[in-house]
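Trainee: What follows is query-v1.cif, made up of mmCIF, C-alpha atoms:
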```cif
data_final
loop_
_atom_site.label_atom_id
_atom_site.label_comp_id
_atom_site.auth_asym_id
_atom_site.auth_seq_id
_atom_site.Cartn_x
_atom_site.Cartn_y
_atom_site.Cartn_z
CA MET A 546 0.00 0.00 0.00
CA THR A 547 2.78 2.30 0.97
CA ASN A 548 4.50 1.77 -2.37
CA ARG A 549 1.26 2.43 -4.26
CA LYS A 550 0.62 5.68 -2.35
CA TYR A 551 4.19 6.76 -3.03
CA LEU A 552 3.80 5.98 -6.73
CA LEU A 553 0.51 7.92 -6.97
CA VAL A 554 2.01 10.91 -5.17
CA THR A 555 5.02 10.87 -7.47
CA ILE A 556 2.85 10.75 -10.62
CA THR A 557 0.62 13.59 -9.30
CA VAL A 558 3.63 15.82 -8.62
CA ILE A 559 5.06 15.19 -12.10
CA LEU A 560 1.74 16.00 -13.80
CA ALA A 561 1.26 19.15 -11.74
CA SER A 562 4.76 20.36 -12.61
CA PHE A 563 4.10 19.84 -16.35
CA MET A 564 0.83 21.78 -16.25
CA LEU A 565 2.42 24.75 -14.43
CA ALA A 566 5.23 24.93 -16.98
CA SER A 567 2.92 25.17 -20.03
CA CYS A 568 0.06 27.34 -21.31
CA SER A 569 -2.78 26.94 -23.74
CA VAL A 570 -1.79 27.35 -27.36
CA PRO A 571 -4.03 30.06 -28.95
CA LYS A 572 -5.83 29.41 -32.19
CA LYS A 573 -4.24 30.80 -35.33
CA THR A 574 -6.96 33.40 -35.71
CA GLU A 575 -6.35 34.66 -32.20
CA LEU A 576 -2.67 35.08 -32.94
CA THR A 577 -3.24 37.18 -36.06
CA THR A 578 -5.98 39.48 -34.78
CA GLU A 579 -3.95 41.13 -32.02
CA PRO A 580 -0.75 43.05 -32.95
CA THR A 581 2.28 41.72 -31.09
CA THR A 582 4.47 44.84 -31.28
CA THR A 583 3.99 48.57 -30.73
CA GLU A 584 4.82 49.22 -34.39
CA GLN A 585 2.13 46.84 -35.60
CA ARG A 586 -0.39 48.34 -33.20
CA THR A 587 0.44 51.88 -34.36
CA THR A 588 0.14 50.85 -38.00
CA GLU A 589 -3.28 49.34 -37.38
CA GLN A 590 -4.49 52.45 -35.58
CA THR A 591 -3.25 54.69 -38.41
CA THR A 592 -5.01 52.54 -41.02
CA THR A 593 -8.24 52.59 -39.03
CA THR A 594 -8.06 56.37 -38.60
CA ALA A 595 -7.41 56.87 -42.32
CA ALA A 596 -10.36 54.65 -43.23
CA THR A 597 -12.62 56.51 -40.82
CA SER A 598 -11.45 59.85 -42.21
CA GLU A 599 -12.10 58.65 -45.76
CA ASP A 600 -15.61 57.51 -44.84
CA THR A 601 -16.32 60.85 -43.15
CA THR A 602 -15.03 62.77 -46.17
CA GLN A 603 -17.18 60.68 -48.50
CA GLU A 604 -20.27 61.27 -46.37
CA SER A 605 -19.50 65.00 -46.26
CA THR A 606 -19.10 65.12 -50.05
CA GLU A 607 -22.35 63.25 -50.57
CA ASP A 608 -24.17 65.54 -48.15
CA SER A 609 -22.88 68.63 -49.96
CA THR A 610 -24.49 67.47 -53.21
CA LEU A 611 -27.95 67.20 -51.70
CA PRO A 612 -30.35 70.00 -52.64
CA ALA A 613 -30.90 72.61 -49.96
CA ASN A 614 -34.61 71.98 -50.30
CA PRO A 615 -35.54 68.26 -50.25
CA ASN A 616 -38.75 69.15 -52.11
CA ALA A 617 -36.89 70.84 -54.96
CA LEU A 618 -37.54 69.59 -58.47
CA ALA A 619 -34.86 67.07 -59.45
CA ASP A 620 -31.81 68.68 -61.01
CA PHE A 621 -30.52 68.17 -64.55
CA THR A 622 -28.02 69.67 -66.98
CA VAL A 623 -28.81 71.18 -70.37
CA TYR A 624 -26.78 73.39 -72.74
CA ASP A 625 -27.13 76.80 -74.36
CA ARG A 626 -26.50 77.19 -78.08
CA GLU A 627 -22.79 77.84 -77.47
CA GLY A 628 -22.48 74.54 -75.60
CA ASN A 629 -22.23 75.97 -72.10
CA PRO A 630 -23.81 73.69 -69.47
CA LYS A 631 -26.64 74.96 -67.31
CA LYS A 632 -28.24 73.24 -64.36
CA LEU A 633 -31.76 73.85 -63.14
CA SER A 634 -30.31 74.38 -59.67
CA ASP A 635 -28.23 77.28 -61.02
CA LEU A 636 -31.46 79.27 -61.21
CA ARG A 637 -32.37 78.77 -57.58
CA GLY A 638 -33.00 82.02 -55.77
CA LYS A 639 -35.55 83.23 -58.30
CA PRO A 640 -38.86 81.76 -59.48
CA VAL A 641 -38.51 79.67 -62.62
CA VAL A 642 -40.71 79.02 -65.64
CA LEU A 643 -39.55 75.69 -67.05
CA ASN A 644 -40.90 74.38 -70.34
CA PHE A 645 -40.08 71.22 -72.28
CA TRP A 646 -40.72 71.46 -76.01
CA ALA A 647 -39.58 70.47 -79.52
CA THR A 648 -40.05 71.90 -83.02
CA TRP A 649 -41.99 68.84 -84.24
CA CYS A 650 -44.62 69.38 -81.53
CA HIS A 651 -47.49 71.48 -82.92
CA TYR A 652 -48.76 72.49 -79.48
CA CYS A 653 -45.25 73.47 -78.35
CA VAL A 654 -44.79 75.73 -81.34
CA GLU A 655 -48.23 77.22 -80.87
CA GLU A 656 -47.68 78.20 -77.23
CA MET A 657 -44.13 79.50 -77.66
CA PRO A 658 -45.23 83.14 -78.23
CA LEU A 659 -46.87 83.04 -74.78
CA PHE A 660 -43.53 82.29 -73.14
CA GLU A 661 -41.82 85.00 -75.16
CA GLU A 662 -44.45 87.52 -74.11
CA ALA A 663 -44.18 86.45 -70.47
CA TYR A 664 -40.39 86.64 -70.60
CA LYS A 665 -40.54 90.24 -71.77
CA LYS A 666 -42.96 91.03 -68.99
CA TYR A 667 -41.48 89.08 -66.06
CA GLY A 668 -37.91 88.34 -67.18
CA ASP A 669 -36.31 90.73 -64.70
CA SER A 670 -37.70 88.88 -61.68
CA VAL A 671 -38.34 85.37 -63.02
CA GLU A 672 -35.95 82.92 -64.66
CA PHE A 673 -37.06 81.21 -67.87
CA MET A 674 -35.69 77.88 -69.08
CA LEU A 675 -37.18 76.60 -72.34
CA VAL A 676 -35.68 73.15 -72.92
CA ASP A 677 -35.65 71.78 -76.45
CA LEU A 678 -35.70 67.97 -76.14
CA THR A 679 -32.97 67.23 -78.67
CA ASP A 680 -32.37 63.52 -79.18
CA GLY A 681 -30.25 63.93 -82.31
CA TYR A 682 -32.82 62.09 -84.41
CA GLN A 683 -36.36 63.37 -84.04
CA GLU A 684 -35.09 66.72 -82.83
CA LYS A 685 -31.72 68.36 -83.47
CA GLN A 686 -30.14 71.47 -82.02
CA GLU A 687 -29.87 73.19 -85.38
CA TRP A 688 -33.61 72.79 -85.92
CA GLY A 689 -34.31 74.38 -82.56
CA GLU A 690 -31.91 77.23 -83.29
CA GLU A 691 -33.50 77.85 -86.67
CA PHE A 692 -36.94 77.95 -85.08
CA ILE A 693 -36.09 80.44 -82.34
CA ASP A 694 -34.24 82.64 -84.82
CA ASN A 695 -37.14 82.66 -87.27
CA LYS A 696 -39.66 83.36 -84.52
CA ASN A 697 -37.45 85.98 -82.84
CA ILE A 698 -37.55 84.14 -79.51
CA THR A 699 -35.39 85.97 -76.97
CA ALA A 700 -36.40 83.89 -73.94
CA PRO A 701 -33.53 81.59 -72.81
CA VAL A 702 -33.61 78.35 -74.80
CA PHE A 703 -31.50 75.34 -73.82
CA PHE A 704 -30.88 71.99 -75.47
CA ASP A 705 -31.19 68.61 -73.79
CA LEU A 706 -28.23 67.16 -75.68
CA ASP A 707 -27.61 64.36 -73.17
CA GLN A 708 -31.34 63.74 -72.67
CA ASP A 709 -30.65 64.30 -68.99
CA ALA A 710 -33.76 66.41 -68.42
CA ALA A 711 -36.04 64.06 -70.36
CA VAL A 712 -34.82 60.99 -68.49
CA THR A 713 -34.72 62.66 -65.08
CA HIS A 714 -38.36 63.73 -65.36
CA SER A 715 -39.61 60.88 -67.53
CA ILE A 716 -40.83 63.26 -70.21
CA TYR A 717 -42.80 61.18 -72.71
CA SER A 718 -45.37 63.76 -73.78
CA ILE A 719 -44.83 67.43 -74.53
CA PRO A 720 -45.29 70.27 -73.94
CA VAL A 721 -44.74 70.16 -70.19
CA THR A 722 -44.55 73.33 -68.13
CA TYR A 723 -43.39 73.72 -64.53
CA LEU A 724 -43.79 76.83 -62.43
CA ILE A 725 -41.19 76.71 -59.68
CA TYR A 726 -40.77 78.71 -56.49
CA SER A 727 -37.44 80.41 -55.78
CA ASP A 728 -36.49 77.61 -53.35
CA GLY A 729 -36.80 75.01 -56.11
CA SER A 730 -40.10 73.47 -55.08
CA VAL A 731 -42.93 73.11 -57.60
CA TYR A 732 -45.91 75.46 -57.61
CA ASP A 733 -47.64 73.90 -60.60
CA CYS A 734 -47.08 71.45 -63.44
CA THR A 735 -49.09 71.41 -66.66
CA ILE A 736 -48.88 68.59 -69.19
CA GLY A 737 -50.16 69.79 -72.54
CA GLN A 738 -50.64 73.21 -74.07
CA ILE A 739 -51.11 76.05 -71.61
CA GLY A 740 -53.99 78.51 -71.84
CA LYS A 741 -53.51 82.06 -73.06
CA THR A 742 -53.77 83.56 -69.57
CA TYR A 743 -52.01 80.75 -67.70
CA LEU A 744 -48.68 82.50 -67.20
CA ASP A 745 -50.21 85.85 -66.26
CA ASP A 746 -52.58 84.12 -63.87
CA HIS A 747 -49.89 82.17 -62.02
CA ILE A 748 -46.46 83.79 -62.31
CA PRO A 749 -47.38 86.53 -59.79
CA ASN A 750 -48.09 83.76 -57.26
CA LEU A 751 -44.48 82.62 -57.37
CA ASP A 752 -43.23 85.58 -55.31
#
```
As structure tokens, please, write out the structure in this file.
Mentor:
Amino acid sequence: MTNRKYLLVTITVILASFMLASCSVPKKTELTTEPTTTEQRTTEQTTTTAATSEDTTQESTEDSTLPANPNALADFTVYDREGNPKKLSDLRGKPVVLNFWATWCHYCVEEMPLFEEAYKKYGDSVEFMLVDLTDGYQEKQEWGEEFIDNKNITAPVFFDLDQDAAVTHSIYSIPVTYLIYSDGSVYDCTIGQIGKTYLDDHIPNLD
């Protein structure tokens, strides 16, 4: 019995000594997730900070492109006859009369003198944007230019060369006329030919 007890005690002591001298081996993933040196830790912090800064800058840039008025009519870019780009948002700060038209549209041609008359009357206080929906096939810029020259139209005419305006506002039927407040929000939208007194009846309400 004594020998057995001695043998058990000896084995217990040996096992205990082995356990105290060792530690658990971490998994490979645990070894790679925590930096083991100050340099590695600093590098990780710098990378994280740079990524955060980049995300913040991106968010700031995205925020800066949002319209000041969330109810503003969606923006688009058209071009004057010299090829200079013009955005609808460039006109913000004044009321806007926006009209989509084309030379092949009988009703557009018929109502054009009404816009010219209104421009001469209200042009100092109201912006006008008459957008010729040029697709390069059914309507071309030179046809629009010829029309406005022949009709002596002095109201600002722009050309939707990229079809940005047409696509942005899903323009499938013309004429379309928007009356827009100075903050960019819509006062009224008319699809089809406007009446003879429409502009005089409503433009004063845009103030």
Trainee: Report the residues retrieved by the PyMOL selection byres ((chain A and resi 724) around 7) from the displayed file, expressed as a PyMOL selection string.
Mentor: chain A and resi 641-643+722-723+725-726+731-734
Trainee: Could you tell me how far atom CA of Ala710 of chain A lies from atom CA of Ile736 of chain A, in Å and to one decimal?
Mentor: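 Atom-to-atom, atom CA of Ala710 of chain A and atom CA of Ile736 of chain A are spaced 15.3 Å apart.
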Trainee: Using all atoms listed in the file, which of A:Ser715, A:Pro630, A:Asp752, A:Ile698 sits nearest Glu656 of chain A?
Mentor: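 For Glu656 of chain A, the nearest of the candidates is A:Ile698.
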Trainee: Could you pull the residues within 8 Å of Asp625 of chain A, counting all atoms listed in the file, minus those fewer than 2 positions along the same chain, as a VMD selection string?
Mentor: chain A and resid 623 627 to 631 702 to 704
Trainee: Find the spatial neighbours of Thr699 of chain A, counting all atoms listed in the file, within a cut-off of 12 Å - ignore same-chain residues fewer than 3 positions away - and output them as a count of residues only.
Mentor: 20
Trainee: Smallest atom-to-atom distance to Asp707 of chain A: which of A:Val676, A:Lys639, A:Ala619, A:Ser670, using only C-alpha atoms?
Mentor: A:Val676
